[in-house]
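**Q** The structure follows.
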Number of protein chains: 2
Amino acid sequence: MDEFGLIARYFRPLAAPGALDLADDAATLSLATGEELVLTKDAIVAGIHFLATDPLDYVARKLLRANLSDLAAKGARPAGYLLACCWPKGTTEDSIALFARGLAHDQDVYGIKLLGGDTTATDGPLTLSLTALGIVPHGKMVHRSSARAGDKVFVTGTIGDAGLGLKVAHGEAIGTSEASAYLLQRYRLPEPRLAFGMAARGCLLSAIDVSDGLIADAGHIAKTSGVSIILEAAKLPLSAAAKGWLSRGGSPAFLATCGDDYEICFTASPRAEADLQRLATKTNTQVTEIGRVDTGQGVRFVAADGAEIPVQTAGFRHF
Amino acid sequence: MDEFGLIARYFRPLAAPGALDLADDAATLSLATGEELVLTKDAIVAGIHFLATDPLDYVARKLLRANLSDLAAKGARPAGYLLACCWPKGTTEDSIALFARGLAHDQDVYGIKLLGGDTTATDGPLTLSLTALGIVPHGKMVHRSSARAGDKVFVTGTIGDAGLGLKVAHGEAIGTSEASAYLLQRYRLPEPRLAFGMAARGCLLSAIDVSDGLIADAGHIAKTSGVSIILEAAKLPLSAAAKGWLSRGGSPAFLATCGDDYEICFTASPRAEADLQRLATKTNTQVTEIGRVDTGQGVRFVAADGAEIPVQTAGFRHF
């Protein structure tokens with residue numbers, strides 16, 4: 001089947017009205033008065049960002065969710081996405097069908113559709129690039145660079161599960177079979193915190209989604225904001241599976257650096273804490289205070305007694 | 001140098017104000033009231049869409065121009081772009097610098113800037129994906145699917161130069177050294193017809209940019225519009241170099257199928273012809289009538305006596 005046949009069979013059913021059945025080179029998108037567009041783009045490569053053995057429906061869903069997570073950290077409402085797929089020669093039609101089924105599933109979950117893209121072949125590994133579009137009220141996008149000394153630092157959900165899930169994907173058992181399955185699922189299918197991001201937009205002074213690792217991503221906030229951030233190891237929100245792993249000698253530094261969490265790390269005024277907890281409850285999102293913003297620079301990861309915990313890596317570097 | 005260092009040194013200087021110095025995961029873009037966004041996305045892979053020996057500044061510029069050509073055929077004004085680069089491991093910093101210089105040059109030519117993107121490594125060939133954003137007045141985007149029987153068919157510029165230029169890139173001489181150099185340049189650096197597309201938007205009943213090949217792309221108009229298109233070989237606008245090649249026994253069917261022209265093929269009412277020629281002159285764009293739209297389906301490529309010229313391929317298939 002050629003490029004046009006593949007698009008017609010597997011991607012046209014995913015298309016937004018503005019995508020003109022993917023029979024055109026371009027799509028249209030309108031904004032209401034007072035709205036502003038938020039744009040984010042990721043590229044992922046088999047063997048670098050995901051395992052060649054990861055099921056392709058999960059790969060599709062994780063790519064989409066990782067970009068929706070960027071939008072969540074901006075307080076944006078998802079409006080659609082464009083997708084370029086470079087398929088290795090010899091990819092079976094079944095593989096492409098599975099990939100498209102994953103997209104179809106998550107399009108329903110998040111209420112978005114495909115706006116356009118490109119499909120081609122490659123002599124290299126499967127390479128995917130997704131551009132996600134979101135919408136915020138004009139001027140209301142949450143930035144990385146606006147943290148202030150005196151803010152508290154918070155994070156949604158739990159941290160470190162995806163890093164442990166990657167160990168499971170590599171064949172390591174972590175605790176019970178149930179715990180391993182839970183962690184593997186957390187690695188494969190992040191949960192972008194869209195409802196919380198949109199609801200809490202006005203309370204978030206700065207935010208980032210945790211993809212490189214909690215400490216590295218807090219470091220991006222610190223660097224672009226010109227402040228320092230102190231994170232307390234004892235306050236990290238952990239799943240039962242991660243707590244079990246820690247109790248058997250695991251390292252908190254691993255959990256705070258392994259990345260792929262797709263939770264929102266954000267800073268807010270101490271005065272906003274009651275509002276934040278109300279919005280967290282309303283959107284069914286766990287929110288935990290994990291540290292504070294100070295003058296200076298860099299990120300310090302500290303134990304309960306205030307001693308700094310050495311951190312070997314500041315997160316993934318894919319290049 | 002890691003991903004962050006590369007972005008800071010080579011891509012930050014290219015960034016639009018809404019791109020937040022590329023220090024954020026997302027960019028913003030605003031539209032004025034009554035404007036609508038036009039989106040297009042291409043992925044290209046070394047060895048498939050361009051030659052591994054093509055200079056990287058030209059590769060960057062051609063990728064950008066190919067996407068701007070899509071916007072031109074929609075009658076859109078370019079507003080910015082996002083770019084994902086997957087660099088083969090071992091790519092030198094000089095190569096990345098050359099690539100960025102190409103982008104910088106064409107950003108100035110077209111008055112646009114980089115809105116964001118992603119930079120990563122790959123074990124495969126250089127893979128690039130670009131999402132271009134354009135703006136049209138609401139509801140005014142030119143579609144492929146709106147050709148009507150009775151329209152005339154036109155094309156901008158000249159056809160077939162890029163296909164001959166690819167032969168030159170592969171080491172074949174086409175006519176004089178000067179002719180070969182001209183054709184090679186036409187292969188490497190298309191000229192998106194933005195000024196004409198924007199000016200003539202209201203006269204264009206349907207349009208497409210010629211990337212797959214004139215006959216294949218006219219076929220996309222015919223198929224999505226539910227009409228047939230008759231193209232007259234004798235009317236094809238040709239450069240002096242292509243005319244020379246034809247006179248030495250070259251085939252008009254090659255010129256009409258080789259693709260990569262990035263001219264606009266469009267249909268318009270015969271009554272619009274005077275307006276079109278006025279706008280063509282105003283925007284310094286050659287516009288040539290090459291055929292007509294009829295009922296039925298498919299594309300017929302005909303000689304001066306009306307006999308159909310056999311066409312072996314309906315354009316590139318990269319998959």
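Every chain in the structure tokens takes a letter, A first, then B, and so on in the order presented; its residues are numbered from 1, and the ligands are numbered from 1 following the presented order.
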Tell me the residues of chain A close to chain B, meaning within 6 Å using only C-alpha atoms, as a PyMOL selection string.

**A** chain A and resi 2-3+26-30+36-42+117-118+120-121+124-125+318-319

**Q** Would you save the residues of that selection, restricted to N, CA and C atoms, as a PDB file, in the first residue's frame?

**A**
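Written file, part_29.pdb:
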```
ATOM      1  N   ASP A   2       0.536   2.236  -0.857  1.00  0.00           N
ATOM      2  CA  ASP A   2       1.374   3.427  -0.932  1.00  0.00           C
ATOM      3  C   ASP A   2       0.973   4.454   0.127  1.00  0.00           C
ATOM      4  N   GLU A   3       1.710   5.552   0.138  1.00  0.00           N
ATOM      5  CA  GLU A   3       1.488   6.594   1.140  1.00  0.00           C
ATOM      6  C   GLU A   3       0.031   7.064   1.172  1.00  0.00           C
ATOM      7  N   ALA A  26      -2.799  21.072   3.747  1.00  0.00           N
ATOM      8  CA  ALA A  26      -2.840  21.975   4.885  1.00  0.00           C
ATOM      9  C   ALA A  26      -4.163  21.848   5.615  1.00  0.00           C
ATOM     10  N   ALA A  27      -4.164  22.298   6.845  1.00  0.00           N
ATOM     11  CA  ALA A  27      -5.378  22.300   7.654  1.00  0.00           C
ATOM     12  C   ALA A  27      -5.602  23.707   8.168  1.00  0.00           C
ATOM     13  N   THR A  28      -6.836  23.959   8.598  1.00  0.00           N
ATOM     14  CA  THR A  28      -7.130  25.271   9.172  1.00  0.00           C
ATOM     15  C   THR A  28      -7.533  25.108  10.628  1.00  0.00           C
ATOM     16  N   LEU A  29      -7.296  26.160  11.386  1.00  0.00           N
ATOM     17  CA  LEU A  29      -7.709  26.185  12.790  1.00  0.00           C
ATOM     18  C   LEU A  29      -8.070  27.628  13.122  1.00  0.00           C
ATOM     19  N   SER A  30      -9.214  27.792  13.765  1.00  0.00           N
ATOM     20  CA  SER A  30      -9.648  29.132  14.162  1.00  0.00           C
ATOM     21  C   SER A  30      -9.562  29.275  15.672  1.00  0.00           C
ATOM     22  N   GLU A  36      -5.279  32.636  22.460  1.00  0.00           N
ATOM     23  CA  GLU A  36      -3.914  32.603  21.941  1.00  0.00           C
ATOM     24  C   GLU A  36      -3.519  31.148  21.754  1.00  0.00           C
ATOM     25  N   LEU A  37      -2.683  30.925  20.736  1.00  0.00           N
ATOM     26  CA  LEU A  37      -2.257  29.569  20.428  1.00  0.00           C
ATOM     27  C   LEU A  37      -1.013  29.212  21.246  1.00  0.00           C
ATOM     28  N   VAL A  38      -0.938  27.960  21.715  1.00  0.00           N
ATOM     29  CA  VAL A  38       0.263  27.423  22.353  1.00  0.00           C
ATOM     30  C   VAL A  38       0.740  26.253  21.501  1.00  0.00           C
ATOM     31  N   LEU A  39       2.033  26.263  21.161  1.00  0.00           N
ATOM     32  CA  LEU A  39       2.588  25.276  20.238  1.00  0.00           C
ATOM     33  C   LEU A  39       3.706  24.499  20.900  1.00  0.00           C
ATOM     34  N   THR A  40       3.732  23.199  20.703  1.00  0.00           N
ATOM     35  CA  THR A  40       4.850  22.403  21.217  1.00  0.00           C
ATOM     36  C   THR A  40       5.121  21.254  20.253  1.00  0.00           C
ATOM     37  N   LYS A  41       6.378  20.830  20.174  1.00  0.00           N
ATOM     38  CA  LYS A  41       6.757  19.814  19.189  1.00  0.00           C
ATOM     39  C   LYS A  41       7.796  18.883  19.778  1.00  0.00           C
ATOM     40  N   ASP A  42       7.606  17.594  19.591  1.00  0.00           N
ATOM     41  CA  ASP A  42       8.579  16.591  20.023  1.00  0.00           C
ATOM     42  C   ASP A  42       8.901  15.650  18.876  1.00  0.00           C
ATOM     43  N   GLY A 117      -0.296  16.189   8.642  1.00  0.00           N
ATOM     44  CA  GLY A 117       1.022  15.626   8.888  1.00  0.00           C
ATOM     45  C   GLY A 117       1.642  15.078   7.636  1.00  0.00           C
ATOM     46  N   ASP A 118       2.462  14.068   7.810  1.00  0.00           N
ATOM     47  CA  ASP A 118       3.206  13.515   6.697  1.00  0.00           C
ATOM     48  C   ASP A 118       3.529  12.063   7.010  1.00  0.00           C
ATOM     49  N   THR A 120       6.069   8.926   5.553  1.00  0.00           N
ATOM     50  CA  THR A 120       7.113   8.595   4.592  1.00  0.00           C
ATOM     51  C   THR A 120       7.868   7.358   5.064  1.00  0.00           C
ATOM     52  N   ALA A 121       8.824   6.938   4.266  1.00  0.00           N
ATOM     53  CA  ALA A 121       9.641   5.773   4.608  1.00  0.00           C
ATOM     54  C   ALA A 121      11.005   6.252   5.087  1.00  0.00           C
ATOM     55  N   GLY A 124      16.200   4.212   8.341  1.00  0.00           N
ATOM     56  CA  GLY A 124      16.607   4.162   9.744  1.00  0.00           C
ATOM     57  C   GLY A 124      15.505   3.646  10.635  1.00  0.00           C
ATOM     58  N   PRO A 125      15.618   3.923  11.940  1.00  0.00           N
ATOM     59  CA  PRO A 125      14.605   3.469  12.897  1.00  0.00           C
ATOM     60  C   PRO A 125      13.317   4.292  12.770  1.00  0.00           C
ATOM     61  N   HIS A 318      19.583  13.267  25.326  1.00  0.00           N
ATOM     62  CA  HIS A 318      19.427  12.374  24.179  1.00  0.00           C
ATOM     63  C   HIS A 318      20.443  12.676  23.097  1.00  0.00           C
ATOM     64  N   PHE A 319      21.198  13.734  23.256  1.00  0.00           N
ATOM     65  CA  PHE A 319      22.123  14.106  22.194  1.00  0.00           C
ATOM     66  C   PHE A 319      23.538  14.032  22.705  1.00  0.00           C
TER      67      PHE A 319
END
```

**Q** From a DSSP calculation on the backbone, collect every residue of region 53-194 of chain B in strand (DSSP E) and output the set as a PyMOL selection string.

**A** chain B and resi 77-88+114-122+127-137+152-156

**Q** May I have all residues of region 103-294 of chain B that DSSP, computed from the backbone, assigns to alpha helix (DSSP H), given as a ChimeraX atom specification?

**A** /B:103-110,161-169,177-188,194-200,214-225,240-247,252-257,273-282

**Q** Interatomic distance between CA of Lys243 (chain A) and CA of Gly165 (chain A)?

**A** 13.7 Å

**Q** What does the distance from CA of Thr267 (chain B) to CA of Lys152 (chain B) come to in Å, to one decimal?

**A**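 Result for CA of Thr267 (chain B) versus CA of Lys152 (chain B): 5.4 Å, one decimal.
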
**Q** With only C-alpha atoms as the basis for distance, which of B:Asp261, B:Asp57, B:Glu232, B:Asp151 is at the shortest distance from His105 (chain B)?

**A**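 Among B:Asp261, B:Asp57, B:Glu232, B:Asp151, it is B:Asp57 that comes nearest to His105 (chain B).
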
**Q** Looking at only C-alpha atoms, which of A:Lys282, A:Arg300, A:His170, A:Arg188 is the one that sits closest to Gly219 (chain A)?

**A**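 For Gly219 (chain A), the nearest of the given residues is A:Arg300.
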
**Q** Name all residues at most 12 Å from Asp275 (chain B) (count only C-alpha atoms; drop same-chain ones fewer than 3 positions away) and give them as JSON, numbers by chain.

**A** {"B": [196, 199, 200, 201, 202, 203, 204, 268, 269, 270, 271, 272, 278, 279, 280, 281, 282, 287]}

**Q** Near Thr285 (chain A), within 12 Å and counting only C-alpha atoms, which residues show up once chain neighbours fewer than 6 positions away are dropped, as a PyMOL selection string?

**A** chain A and resi 155-158+191-197+199-200+263-264+276-279

**Q** So that I have them on file, write out the residues from the current selection with N, CA, C and O atoms, as a PDB file, in the first residue's frame.

**A**
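Writing the result to part_21.pdb gives the following:
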```pdb
ATOM      1  N   VAL A 155       4.313  19.373  43.054  1.00  0.00           N
ATOM      2  CA  VAL A 155       4.277  18.469  41.903  1.00  0.00           C
ATOM      3  C   VAL A 155       2.970  17.684  41.952  1.00  0.00           C
ATOM      4  O   VAL A 155       2.448  17.395  43.030  1.00  0.00           O
ATOM      5  N   THR A 156       2.448  17.380  40.764  1.00  0.00           N
ATOM      6  CA  THR A 156       1.242  16.541  40.704  1.00  0.00           C
ATOM      7  C   THR A 156       1.644  15.072  40.767  1.00  0.00           C
ATOM      8  O   THR A 156       2.796  14.705  40.523  1.00  0.00           O
ATOM      9  N   GLY A 157       0.689  14.215  41.080  1.00  0.00           N
ATOM     10  CA  GLY A 157       0.859  12.757  40.977  1.00  0.00           C
ATOM     11  C   GLY A 157       1.990  12.210  41.813  1.00  0.00           C
ATOM     12  O   GLY A 157       2.265  12.710  42.903  1.00  0.00           O
ATOM     13  N   THR A 158       2.652  11.187  41.292  1.00  0.00           N
ATOM     14  CA  THR A 158       3.797  10.565  41.969  1.00  0.00           C
ATOM     15  C   THR A 158       4.996  10.582  41.026  1.00  0.00           C
ATOM     16  O   THR A 158       4.842  10.643  39.810  1.00  0.00           O
ATOM     17  N   GLU A 191      -0.020  10.210  32.254  1.00  0.00           N
ATOM     18  CA  GLU A 191      -1.342  10.839  32.395  1.00  0.00           C
ATOM     19  C   GLU A 191      -1.165  12.349  32.394  1.00  0.00           C
ATOM     20  O   GLU A 191      -0.902  12.947  33.429  1.00  0.00           O
ATOM     21  N   PRO A 192      -1.285  12.988  31.240  1.00  0.00           N
ATOM     22  CA  PRO A 192      -1.103  14.444  31.234  1.00  0.00           C
ATOM     23  C   PRO A 192      -2.146  15.113  32.132  1.00  0.00           C
ATOM     24  O   PRO A 192      -3.311  14.756  32.106  1.00  0.00           O
ATOM     25  N   ARG A 193      -1.689  16.072  32.930  1.00  0.00           N
ATOM     26  CA  ARG A 193      -2.567  16.657  33.960  1.00  0.00           C
ATOM     27  C   ARG A 193      -3.303  17.869  33.407  1.00  0.00           C
ATOM     28  O   ARG A 193      -3.189  18.997  33.913  1.00  0.00           O
ATOM     29  N   LEU A 194      -4.047  17.633  32.334  1.00  0.00           N
ATOM     30  CA  LEU A 194      -4.710  18.733  31.623  1.00  0.00           C
ATOM     31  C   LEU A 194      -5.770  19.426  32.460  1.00  0.00           C
ATOM     32  O   LEU A 194      -5.838  20.656  32.492  1.00  0.00           O
ATOM     33  N   ALA A 195      -6.604  18.636  33.126  1.00  0.00           N
ATOM     34  CA  ALA A 195      -7.706  19.252  33.879  1.00  0.00           C
ATOM     35  C   ALA A 195      -7.147  20.162  34.968  1.00  0.00           C
ATOM     36  O   ALA A 195      -7.605  21.298  35.141  1.00  0.00           O
ATOM     37  N   PHE A 196      -6.128  19.681  35.666  1.00  0.00           N
ATOM     38  CA  PHE A 196      -5.533  20.507  36.717  1.00  0.00           C
ATOM     39  C   PHE A 196      -4.848  21.739  36.122  1.00  0.00           C
ATOM     40  O   PHE A 196      -4.997  22.845  36.634  1.00  0.00           O
ATOM     41  N   GLY A 197      -4.092  21.541  35.056  1.00  0.00           N
ATOM     42  CA  GLY A 197      -3.383  22.671  34.441  1.00  0.00           C
ATOM     43  C   GLY A 197      -4.331  23.790  34.027  1.00  0.00           C
ATOM     44  O   GLY A 197      -4.069  24.967  34.260  1.00  0.00           O
ATOM     45  N   ALA A 199      -7.455  24.258  35.161  1.00  0.00           N
ATOM     46  CA  ALA A 199      -8.193  24.803  36.314  1.00  0.00           C
ATOM     47  C   ALA A 199      -7.301  25.702  37.165  1.00  0.00           C
ATOM     48  O   ALA A 199      -7.748  26.736  37.679  1.00  0.00           O
ATOM     49  N   ALA A 200      -6.026  25.324  37.324  1.00  0.00           N
ATOM     50  CA  ALA A 200      -5.141  26.015  38.271  1.00  0.00           C
ATOM     51  C   ALA A 200      -4.283  27.082  37.601  1.00  0.00           C
ATOM     52  O   ALA A 200      -3.464  27.723  38.267  1.00  0.00           O
ATOM     53  N   GLU A 263       4.409  14.543  35.009  1.00  0.00           N
ATOM     54  CA  GLU A 263       3.654  15.279  36.025  1.00  0.00           C
ATOM     55  C   GLU A 263       4.006  16.756  35.855  1.00  0.00           C
ATOM     56  O   GLU A 263       4.971  17.099  35.166  1.00  0.00           O
ATOM     57  N   ILE A 264       3.231  17.631  36.491  1.00  0.00           N
ATOM     58  CA  ILE A 264       3.540  19.060  36.431  1.00  0.00           C
ATOM     59  C   ILE A 264       4.269  19.470  37.703  1.00  0.00           C
ATOM     60  O   ILE A 264       3.757  19.282  38.808  1.00  0.00           O
ATOM     61  N   LEU A 276      -5.163  26.009  45.610  1.00  0.00           N
ATOM     62  CA  LEU A 276      -4.564  24.902  44.858  1.00  0.00           C
ATOM     63  C   LEU A 276      -5.139  23.566  45.308  1.00  0.00           C
ATOM     64  O   LEU A 276      -5.463  22.711  44.479  1.00  0.00           O
ATOM     65  N   GLN A 277      -5.246  23.390  46.626  1.00  0.00           N
ATOM     66  CA  GLN A 277      -5.747  22.099  47.105  1.00  0.00           C
ATOM     67  C   GLN A 277      -7.220  21.913  46.723  1.00  0.00           C
ATOM     68  O   GLN A 277      -7.653  20.807  46.408  1.00  0.00           O
ATOM     69  N   ARG A 278      -7.965  23.023  46.703  1.00  0.00           N
ATOM     70  CA  ARG A 278      -9.363  22.932  46.276  1.00  0.00           C
ATOM     71  C   ARG A 278      -9.443  22.516  44.804  1.00  0.00           C
ATOM     72  O   ARG A 278     -10.218  21.624  44.428  1.00  0.00           O
ATOM     73  N   LEU A 279      -8.601  23.124  43.947  1.00  0.00           N
ATOM     74  CA  LEU A 279      -8.609  22.791  42.521  1.00  0.00           C
ATOM     75  C   LEU A 279      -8.074  21.384  42.278  1.00  0.00           C
ATOM     76  O   LEU A 279      -8.524  20.687  41.361  1.00  0.00           O
TER      77      LEU A 279
END
```

**Q** What is the distance, in Å and to one decimal place, between CA of Ile230 (chain B) and CA of Asn284 (chain B)?

**A**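 Atom-to-atom, CA of Ile230 (chain B) and CA of Asn284 (chain B) are spaced 26.7 Å apart.
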